[in-house]
Amino acid sequence: MQTSYLDWNATAPVRPEAAAAVAAALATLGNPSSVHRFGRGAKRILNEAREAVAALVHARPDEIVFTGGGSEANALALSGFRGRRLAVSAIEHDSILGNAPDAAIIPALTDGGVDLGALEAMLASDPRPALISLMLANNETGVIQEVAAAAKIAHRAGGLVHCDAIQAAGKIAVDFAALDVDLMSLSAHKLGGPMGVGALVVRRGLDLDPLIRGGGQEQRRRAGTENLPGIAGFGAAAIAARDTLADDARVAALRDAAQARLCALAPDAVVFGADAPRLPNTLSIAMPRVAASTQVIALDLAGVAVSAGSACSSGKVARSHVLDAMGVAPALAEGAIRISLGWSTTEADIDRLVDAWGALYARTRASAA
Amino acid sequence: MTAAVARKANQPPVYLDYQATTPVDPRVLQAMLPWFTEKFGNPASITHAYGREAEAAVERARGQLASLINAEAREIVFTSGATEANNLAIKGALRFHKQFGKDRVVTLVTEHKCVLESAKAMEAEGFRATYLPVEPNGLVDLDRLRNALDDKTALVSVMAAHNEIGVIQPLAEIGALCRARGILFHTDAAQAVGKIPVDVEAMKIDLMSISGHKVYGPKGIGALYIRRRPRARVTPLIDGGGQERGMRSGTLPTPLCVGIGEAAALAQLEMTEEAQRLIGLRQRFLYGVQRALPQTLLNGDALQRLPGNLNLSFPGIPAPALMEACPGLALSTGSACTAAEVEPSFVLRALGVSDDLAAASLRIGLGRFTTADEVDFAVATLAAAVKHLGETGKAGLGMTSRLAATT
């Protein structure tokens with residue numbers, strides 16, 4: 001059976017350039033901390049990758065702290081500033097919400113954006129220094145947040161700003177310096193690098209408590225022997241992602257076509273976040289009165305891989321906290337699936353999606369009639 | 001002694017740093033490669049075929065790793081490496097047991113930096129830590145350990161096999177001691193698992209840190225063994241998606257899990273023979289050096305030690321000068337994590353080794369791909385270099401230029 005992978009926000013296939021870099025590094029012996037020739041060779045690979053990742057997000061190489069993934073980067077950011085109160089948006093990923101259980105929640109608006117007016121009021125009502133966390137693009141709806149504006153508001157109130165750019169990096173241009181945030185999380189496997197590696201970008205001069213202590217790696221901010229093949233793959237993927245950002249328009253056109261065709265088939269379908277700036281590759285759509293799990297299973301049987309929401313919590317198909325925060329009625333949210341595209345997605349993939357989803361829609365509406 | 005094998009000038013140095021990291025076994029590499037590209041699903045995406053295929057691979061790897069240490073698959077929590085596992089074990093166990101009035105960890109002064117730093121970080125949070133000294137051979141005194149335990153002790157953390165001096169601690173005795181007192185026993189087994197038999201049941205281990213890249217698997221992956229019965233409880237370090245039964249959130253790196261699983265399976269099959277071969281090479285190395293340089297001293301217990309580890313002191317010959325005089329050998333003075341630091345090893349000083357002698361010490365790590373020819377070459381090279389440096393009195397000069405190069 002021909003299969004179509006449309007779950008790129010869960011993970012992306014490793015780009016060929018990244019796979020080659022990983023394979024080469026796996027065959028390279030050496031611990032980057034060792035001072036002998038093998039160690040120095042490993043260190044060189046590490047430094048080149050650091051430069052490539054920094055360049056992708058317009059940061060400086062010495063601002064990149066490599067981690068074991070995006071979740072760890074988020075946990076490091078949120079636990080790194082004891083004494084600061086936390087405020088995080090209601091639409092953040094579980095790895096933000098879970099690592100900040102006592103945080104104040106910045107509400108979302110119905111279009112999928114975060115309520116910056118509410119943020120301003122929250123900061124004004126409590127004089128204690130804050131760390132706020134706002135994602136650059138939502139993993140479920142793709143809605144791009146007004147991070148630069150939020151940073152301005154937070155900085156005016158003496159706050160620090162963390163931005164989870166895990167879904168945005170590699171899909172849209174990301175500029176750490178221009179956004180003027182203090183911290184930014186990245187994940188390699190969301191942009192065509194390998195799993196098991198991510199980074200926290202830490203603004204030069206900012207001190208934070210390490211989450212994982214031990215050796216002096218990563219400027220004492222993250223101990224542990226560096227995942228050299230992973231980091232090398234991250235670097236190669238960052239270069240490839242930067243070079244193919246122009247491909248956005250093609251992906252966006254495919255996504256827009258998919259959205260138009262699904263909505264034409266199902267006039268009562270609802271697209272979430274469509275009125276706000278969105279990632280070019282993401283489509284969150286509900287088929288009313290058909291459970292997301294039913295849709296995902298039907299598509300899986302037809303060889304089309306999509307998800308009911310965030311991959312991390314799949315298995316337990318719970319209603320999306322993101323759609324809840326946008327004020328979507330629970331009954332409607334329970335019918336929402338996430339379709340996400342990438343650089344190798346073709347029109348044939350969209351055809352297969354539309355056919356399978358359309359067939360399910362026709363079946364359910366026929367049996368309901 | 002055997003004639004040294006001639007080596008061409010442009011050959012890479014002989015790798016004698018297997019405790020810093022090991023090469024990925026080609027069989028492990030082959031097992032991993034498909035999971036980067038063709039089979040790329042997120043193992044948590046179990047609602048579609050790509051994800052289920054990845055999940056099955058991760059679970060198979062979990063079983064392979066569990067089997068090596070006589071654990072159940074669901075007792076394995078994958079982490080980004082042994083450093084994270086050690087942080088999770090120490091911080092997690094203390095934070096969890098605070099509610100029961102237990103706020104103390106007992107460990108050794110010779111533990112890996114990441115254990116010591118974790119304990120220190122917990123002291124800063126108001127917990128208590130006791131750092132026990134070791135005997136001159138590097139082993140813990142069990143009576144001293146027994147006397148150090150009290151009702152407030154949540155955790156004992158003792159490294160299974162030492163990364164610098166290779167000594168193997170009496171794990172079963174420590175495990176029995178802790179179990180009898182209702183205290184969790186954590187062991188940093190990054191250097192031990194896959195090299196020597198480690199059995200979490202027989203040794204009554206409750207928490208155990210494992211590394212991929214120390215056993216011919218990939219970097220970036222490790223595990224914490226967390227006992228189910230009687231249950232060892234820890235508070236997670238990284239929350240979020242709820243992977244690893246909530247103990248460690250974050251997407252599981254399928255290829256790396258496959259790699260550590262394959263490395264474990266190979267170790268289980270080959271460990272006994274490999275250990276015998278390495279003990280043979282180790283003794284060949286030791287006797288060769290001692291025959292050529294009778295003043296050489298061995299640090300750490302001669303018998304209770306890793307098959308592939310030696311730690312030698314060459315009196316009067318500063319280690320940096322010696323390494324510089326042996327460009328054909330990749331050696332280290334101790335832990336790679338602190339390789340750039342110029343202080344003599346804190347581990348050797350804890351054994352009562354003088355500063356001068358500690359600064360004249362090298363760690364020699366042998367492993368799966370080390371050959372007898374390489375050992376002979378290394379012995380001849382070291383012997384010639386030590387004699388030359390001793391005769392010419394150039395030892396001190398070499399150190400100066402080395403420091404300039406590494407700082």
# chains A, B, ... in the order shown; residues from 1 in each chain; ligands from 1
$ residues_around --residues "B:Asp103" --least-positions-apart "2" --cutoff "9 Å" --atoms "only C-alpha atoms" --output "list in words"
Leu94, Arg95, His97, Lys98, Gln99, Phe100, Gly101, Val105, Gly126, Phe127, Arg128, Ala129, Lys152, Thr153, Ala154 and Leu155 of chain B
$ write_last_selection --atoms "N, CA and C atoms" --output "PDB file, in the first residue's frame"
ATOM      1  N   LEU B  94      15.809  12.018  46.170  1.00  0.00           N
ATOM      2  CA  LEU B  94      15.771  12.894  47.356  1.00  0.00           C
ATOM      3  C   LEU B  94      14.484  13.718  47.377  1.00  0.00           C
ATOM      4  N   ARG B  95      14.147  14.285  46.249  1.00  0.00           N
ATOM      5  CA  ARG B  95      12.930  15.127  46.214  1.00  0.00           C
ATOM      6  C   ARG B  95      11.698  14.307  46.545  1.00  0.00           C
ATOM      7  N   HIS B  97      11.529  11.533  48.397  1.00  0.00           N
ATOM      8  CA  HIS B  97      11.489  10.975  49.753  1.00  0.00           C
ATOM      9  C   HIS B  97      11.465  12.019  50.847  1.00  0.00           C
ATOM     10  N   LYS B  98      11.546  13.275  50.449  1.00  0.00           N
ATOM     11  CA  LYS B  98      11.473  14.356  51.427  1.00  0.00           C
ATOM     12  C   LYS B  98      10.177  14.255  52.236  1.00  0.00           C
ATOM     13  N   GLN B  99       9.073  13.870  51.538  1.00  0.00           N
ATOM     14  CA  GLN B  99       7.773  13.805  52.205  1.00  0.00           C
ATOM     15  C   GLN B  99       7.744  12.762  53.324  1.00  0.00           C
ATOM     16  N   PHE B 100       8.708  11.834  53.308  1.00  0.00           N
ATOM     17  CA  PHE B 100       8.768  10.820  54.365  1.00  0.00           C
ATOM     18  C   PHE B 100       9.840  11.158  55.402  1.00  0.00           C
ATOM     19  N   GLY B 101      10.328  12.387  55.355  1.00  0.00           N
ATOM     20  CA  GLY B 101      11.323  12.816  56.334  1.00  0.00           C
ATOM     21  C   GLY B 101      12.725  12.307  56.049  1.00  0.00           C
ATOM     22  N   VAL B 105      21.614  11.852  51.360  1.00  0.00           N
ATOM     23  CA  VAL B 105      22.254  10.913  50.434  1.00  0.00           C
ATOM     24  C   VAL B 105      23.650  10.623  50.964  1.00  0.00           C
ATOM     25  N   GLY B 126      18.711  22.347  50.459  1.00  0.00           N
ATOM     26  CA  GLY B 126      18.374  22.037  51.842  1.00  0.00           C
ATOM     27  C   GLY B 126      18.472  20.571  52.209  1.00  0.00           C
ATOM     28  N   PHE B 127      18.865  19.728  51.269  1.00  0.00           N
ATOM     29  CA  PHE B 127      19.076  18.319  51.588  1.00  0.00           C
ATOM     30  C   PHE B 127      20.466  18.153  52.189  1.00  0.00           C
ATOM     31  N   ARG B 128      20.727  16.944  52.700  1.00  0.00           N
ATOM     32  CA  ARG B 128      22.035  16.689  53.294  1.00  0.00           C
ATOM     33  C   ARG B 128      22.761  15.607  52.508  1.00  0.00           C
ATOM     34  N   ALA B 129      24.063  15.765  52.404  1.00  0.00           N
ATOM     35  CA  ALA B 129      24.867  14.785  51.678  1.00  0.00           C
ATOM     36  C   ALA B 129      26.095  14.433  52.506  1.00  0.00           C
ATOM     37  N   LYS B 152      17.316   8.850  58.412  1.00  0.00           N
ATOM     38  CA  LYS B 152      17.027   9.965  57.503  1.00  0.00           C
ATOM     39  C   LYS B 152      17.648   9.743  56.123  1.00  0.00           C
ATOM     40  N   THR B 153      18.376   8.652  55.965  1.00  0.00           N
ATOM     41  CA  THR B 153      19.053   8.420  54.693  1.00  0.00           C
ATOM     42  C   THR B 153      18.056   7.874  53.670  1.00  0.00           C
ATOM     43  N   ALA B 154      17.901   8.615  52.574  1.00  0.00           N
ATOM     44  CA  ALA B 154      16.996   8.174  51.509  1.00  0.00           C
ATOM     45  C   ALA B 154      17.731   7.286  50.519  1.00  0.00           C
ATOM     46  N   LEU B 155      19.012   7.575  50.324  1.00  0.00           N
ATOM     47  CA  LEU B 155      19.698   7.042  49.154  1.00  0.00           C
ATOM     48  C   LEU B 155      21.180   6.836  49.437  1.00  0.00           C
TER      49      LEU B 155
END
$ residues_around --residues "B:His388" --least-positions-apart "4" --cutoff "12 Å" --atoms "only C-alpha atoms" --output "mmCIF file with N, CA and C atoms, in the first residue's frame"
data_model
loop_
_atom_site.group_PDB
_atom_site.id
_atom_site.type_symbol
_atom_site.label_atom_id
_atom_site.label_comp_id
_atom_site.auth_asym_id
_atom_site.auth_seq_id
_atom_site.Cartn_x
_atom_site.Cartn_y
_atom_site.Cartn_z
ATOM 1 N N LEU B 293 59.811 -0.497 33.265
ATOM 2 C CA LEU B 293 59.875 0.639 34.204
ATOM 3 C C LEU B 293 59.434 0.143 35.582
ATOM 4 N N ILE B 317 57.623 11.809 36.304
ATOM 5 C CA ILE B 317 57.325 12.141 34.896
ATOM 6 C C ILE B 317 55.919 12.746 34.827
ATOM 7 N N ALA B 321 53.558 15.888 30.003
ATOM 8 C CA ALA B 321 54.788 15.754 29.218
ATOM 9 C C ALA B 321 54.850 14.378 28.584
ATOM 10 N N LEU B 322 54.428 13.395 29.329
ATOM 11 C CA LEU B 322 54.470 12.026 28.814
ATOM 12 C C LEU B 322 53.501 11.856 27.636
ATOM 13 N N ALA B 325 54.941 13.385 24.646
ATOM 14 C CA ALA B 325 56.046 12.608 24.086
ATOM 15 C C ALA B 325 55.552 11.343 23.379
ATOM 16 N N CYS B 326 54.272 11.063 23.478
ATOM 17 C CA CYS B 326 53.708 9.856 22.851
ATOM 18 C C CYS B 326 52.579 10.213 21.886
ATOM 19 N N THR B 381 56.358 2.365 23.426
ATOM 20 C CA THR B 381 56.348 3.822 23.270
ATOM 21 C C THR B 381 56.434 4.510 24.625
ATOM 22 N N LEU B 382 55.618 4.042 25.560
ATOM 23 C CA LEU B 382 55.616 4.645 26.896
ATOM 24 C C LEU B 382 56.972 4.459 27.575
ATOM 25 N N ALA B 383 57.514 3.249 27.469
ATOM 26 C CA ALA B 383 58.784 2.960 28.145
ATOM 27 C C ALA B 383 59.887 3.859 27.596
ATOM 28 N N ALA B 384 59.914 3.980 26.272
ATOM 29 C CA ALA B 384 60.956 4.812 25.660
ATOM 30 C C ALA B 384 60.787 6.268 26.075
ATOM 31 N N THR B 392 66.738 13.037 30.209
ATOM 32 C CA THR B 392 67.039 14.392 29.752
ATOM 33 C C THR B 392 66.537 15.445 30.717
ATOM 34 N N GLY B 393 65.695 15.026 31.651
ATOM 35 C CA GLY B 393 65.173 16.008 32.603
ATOM 36 C C GLY B 393 64.290 17.050 31.953
ATOM 37 N N LYS B 394 63.697 16.649 30.813
ATOM 38 C CA LYS B 394 62.857 17.624 30.096
ATOM 39 C C LYS B 394 61.415 17.592 30.569
ATOM 40 N N ALA B 395 61.194 16.754 31.546
ATOM 41 C CA ALA B 395 59.802 16.528 31.937
ATOM 42 C C ALA B 395 59.044 17.814 32.208
#
$ residues_around --residues "stretch 168-184 of chain B" --least-positions-apart "4" --cutoff "6 Å" --atoms "only C-alpha atoms" --output "PDB file with N, CA and C atoms, in the first residue's frame"
ATOM      1  N   LEU B 139      38.443   1.138  47.169  1.00  0.00           N
ATOM      2  CA  LEU B 139      37.185   0.470  47.530  1.00  0.00           C
ATOM      3  C   LEU B 139      36.589   1.088  48.791  1.00  0.00           C
ATOM      4  N   ALA B 154      17.901   8.615  52.574  1.00  0.00           N
ATOM      5  CA  ALA B 154      16.996   8.174  51.509  1.00  0.00           C
ATOM      6  C   ALA B 154      17.731   7.286  50.519  1.00  0.00           C
ATOM      7  N   LEU B 155      19.012   7.575  50.324  1.00  0.00           N
ATOM      8  CA  LEU B 155      19.698   7.042  49.154  1.00  0.00           C
ATOM      9  C   LEU B 155      21.180   6.836  49.437  1.00  0.00           C
ATOM     10  N   ALA B 160      29.549   1.699  40.309  1.00  0.00           N
ATOM     11  CA  ALA B 160      29.795   0.264  40.161  1.00  0.00           C
ATOM     12  C   ALA B 160      31.250  -0.006  39.786  1.00  0.00           C
ATOM     13  N   ALA B 161      31.682   0.608  38.691  1.00  0.00           N
ATOM     14  CA  ALA B 161      33.074   0.458  38.255  1.00  0.00           C
ATOM     15  C   ALA B 161      33.582   1.855  37.938  1.00  0.00           C
ATOM     16  N   MET B 203      22.083  -8.211  43.168  1.00  0.00           N
ATOM     17  CA  MET B 203      22.821  -7.138  43.850  1.00  0.00           C
ATOM     18  C   MET B 203      21.900  -6.175  44.588  1.00  0.00           C
ATOM     19  N   LYS B 204      20.591  -6.431  44.505  1.00  0.00           N
ATOM     20  CA  LYS B 204      19.610  -5.594  45.195  1.00  0.00           C
ATOM     21  C   LYS B 204      19.798  -4.106  44.875  1.00  0.00           C
ATOM     22  N   ILE B 205      19.937  -3.850  43.589  1.00  0.00           N
ATOM     23  CA  ILE B 205      20.094  -2.469  43.119  1.00  0.00           C
ATOM     24  C   ILE B 205      18.696  -1.894  42.867  1.00  0.00           C
ATOM     25  N   ASP B 206      18.466  -0.670  43.327  1.00  0.00           N
ATOM     26  CA  ASP B 206      17.149  -0.042  43.145  1.00  0.00           C
ATOM     27  C   ASP B 206      17.141   0.937  41.973  1.00  0.00           C
ATOM     28  N   GLN B 304      40.010  -6.261  41.863  1.00  0.00           N
ATOM     29  CA  GLN B 304      38.635  -5.790  41.707  1.00  0.00           C
ATOM     30  C   GLN B 304      38.629  -4.611  40.757  1.00  0.00           C
ATOM     31  N   ARG B 305      38.885  -4.876  39.488  1.00  0.00           N
ATOM     32  CA  ARG B 305      38.899  -3.755  38.548  1.00  0.00           C
ATOM     33  C   ARG B 305      38.406  -4.180  37.182  1.00  0.00           C
TER      34      ARG B 305
END
$ closest_atom_pairs --of "stretch 245-345 of chain A" --to "stretch 11-31 of chain A" --cutoff "10 Å" --atoms "only C-alpha atoms" --output "JSON lines"
{"residue": "A:Ala311", "atom": "CA", "partner": "A:Thr11", "partner_atom": "CA", "distance": 8.6}
{"residue": "A:Ser340", "atom": "CA", "partner": "A:Thr11", "partner_atom": "CA", "distance": 9.9}
{"residue": "A:Leu341", "atom": "CA", "partner": "A:Ala12", "partner_atom": "CA", "distance": 9.1}
{"residue": "A:Gly342", "atom": "CA", "partner": "A:Ala12", "partner_atom": "CA", "distance": 7.5}
{"residue": "A:Trp343", "atom": "CA", "partner": "A:Ala12", "partner_atom": "CA", "distance": 9.2}
{"residue": "A:Ser344", "atom": "CA", "partner": "A:Pro13", "partner_atom": "CA", "distance": 9.1}
$ interface_residues --of "chain A" --to "chain B" --cutoff "6 Å" --atoms "only C-alpha atoms" --output "list in words"
Thr11, Pro13, Val14, Leu29, Asn31, Ser33, Ser34, His36, Gly68, Ser71, Ala75, Asp94, Ser95, Gly98, Asn99, Met195, Gly196, Ile212, Arg213, Gly214, Gly215, Gly224, Asn227, Asp300, Ala305, Ala311, Cys312 and Ser313 of chain A
$ atom_distance --atom1 "atom CA of B:Ala31" --atom2 "atom CA of B:Ala264"
12.4 Å
$ residues_around --residues "stretch 117-132 of chain A" --least-positions-apart "2" --cutoff "6 Å" --atoms "only C-alpha atoms" --output "list of chain:residue names"
A:Arg84, A:Arg85, A:Leu86, A:Ala87, A:Val88, A:Ile106, A:Asp115, A:Gly159, A:Leu160, A:Val161
$ write_last_selection --atoms "N, CA and C atoms" --output "PDB file, in the first residue's frame"
ATOM      1  N   ARG A  84      12.135  33.740  40.121  1.00  0.00           N
ATOM      2  CA  ARG A  84      11.234  34.437  39.197  1.00  0.00           C
ATOM      3  C   ARG A  84       9.915  33.679  39.135  1.00  0.00           C
ATOM      4  N   ARG A  85       8.818  34.433  39.167  1.00  0.00           N
ATOM      5  CA  ARG A  85       7.528  33.766  38.997  1.00  0.00           C
ATOM      6  C   ARG A  85       7.346  33.475  37.512  1.00  0.00           C
ATOM      7  N   LEU A  86       6.584  32.450  37.222  1.00  0.00           N
ATOM      8  CA  LEU A  86       6.421  32.018  35.842  1.00  0.00           C
ATOM      9  C   LEU A  86       5.033  32.381  35.338  1.00  0.00           C
ATOM     10  N   ALA A  87       4.979  32.802  34.097  1.00  0.00           N
ATOM     11  CA  ALA A  87       3.700  32.980  33.413  1.00  0.00           C
ATOM     12  C   ALA A  87       3.849  32.352  32.030  1.00  0.00           C
ATOM     13  N   VAL A  88       2.990  31.411  31.723  1.00  0.00           N
ATOM     14  CA  VAL A  88       3.088  30.715  30.438  1.00  0.00           C
ATOM     15  C   VAL A  88       1.734  30.774  29.748  1.00  0.00           C
ATOM     16  N   ILE A 106      -1.413  32.641  30.768  1.00  0.00           N
ATOM     17  CA  ILE A 106      -1.810  33.753  29.905  1.00  0.00           C
ATOM     18  C   ILE A 106      -2.864  33.211  28.938  1.00  0.00           C
ATOM     19  N   ASP A 115      -3.408  36.347  24.297  1.00  0.00           N
ATOM     20  CA  ASP A 115      -3.953  37.648  24.668  1.00  0.00           C
ATOM     21  C   ASP A 115      -2.867  38.514  25.314  1.00  0.00           C
ATOM     22  N   GLY A 159      10.668  41.632  33.032  1.00  0.00           N
ATOM     23  CA  GLY A 159      10.584  40.174  32.899  1.00  0.00           C
ATOM     24  C   GLY A 159      11.585  39.623  31.894  1.00  0.00           C
ATOM     25  N   LEU A 160      11.768  38.317  31.966  1.00  0.00           N
ATOM     26  CA  LEU A 160      12.542  37.591  30.965  1.00  0.00           C
ATOM     27  C   LEU A 160      11.558  36.831  30.074  1.00  0.00           C
ATOM     28  N   VAL A 161      11.983  36.547  28.846  1.00  0.00           N
ATOM     29  CA  VAL A 161      11.086  35.880  27.911  1.00  0.00           C
ATOM     30  C   VAL A 161      11.731  34.626  27.334  1.00  0.00           C
TER      31      VAL A 161
END
$ atom_distance --atom1 "atom CA of B:Ala378" --atom2 "atom CA of B:Val289"
9.3 Å
$ closest_residue --among "B:Ile260, B:Glu111, B:Gln295, B:Val158" --to "B:Arg62" --atoms "only C-alpha atoms"
B:Ile260
$ atom_distance --atom1 "atom CA of B:Thr110" --atom2 "atom CA of B:Ala89"
17.6 Å
$ select_by_dssp --residues "stretch 343-383 of chain B" --states "helix (DSSP H, G or I)" --output "list in words"
Phe346, Val347, Leu348, Arg349, Ala350, Asp355, Asp356, Leu357, Ala358, Ala372, Asp373, Glu374, Val375, Asp376, Phe377, Ala378, Val379, Ala380, Thr381, Leu382 and Ala383 of chain B
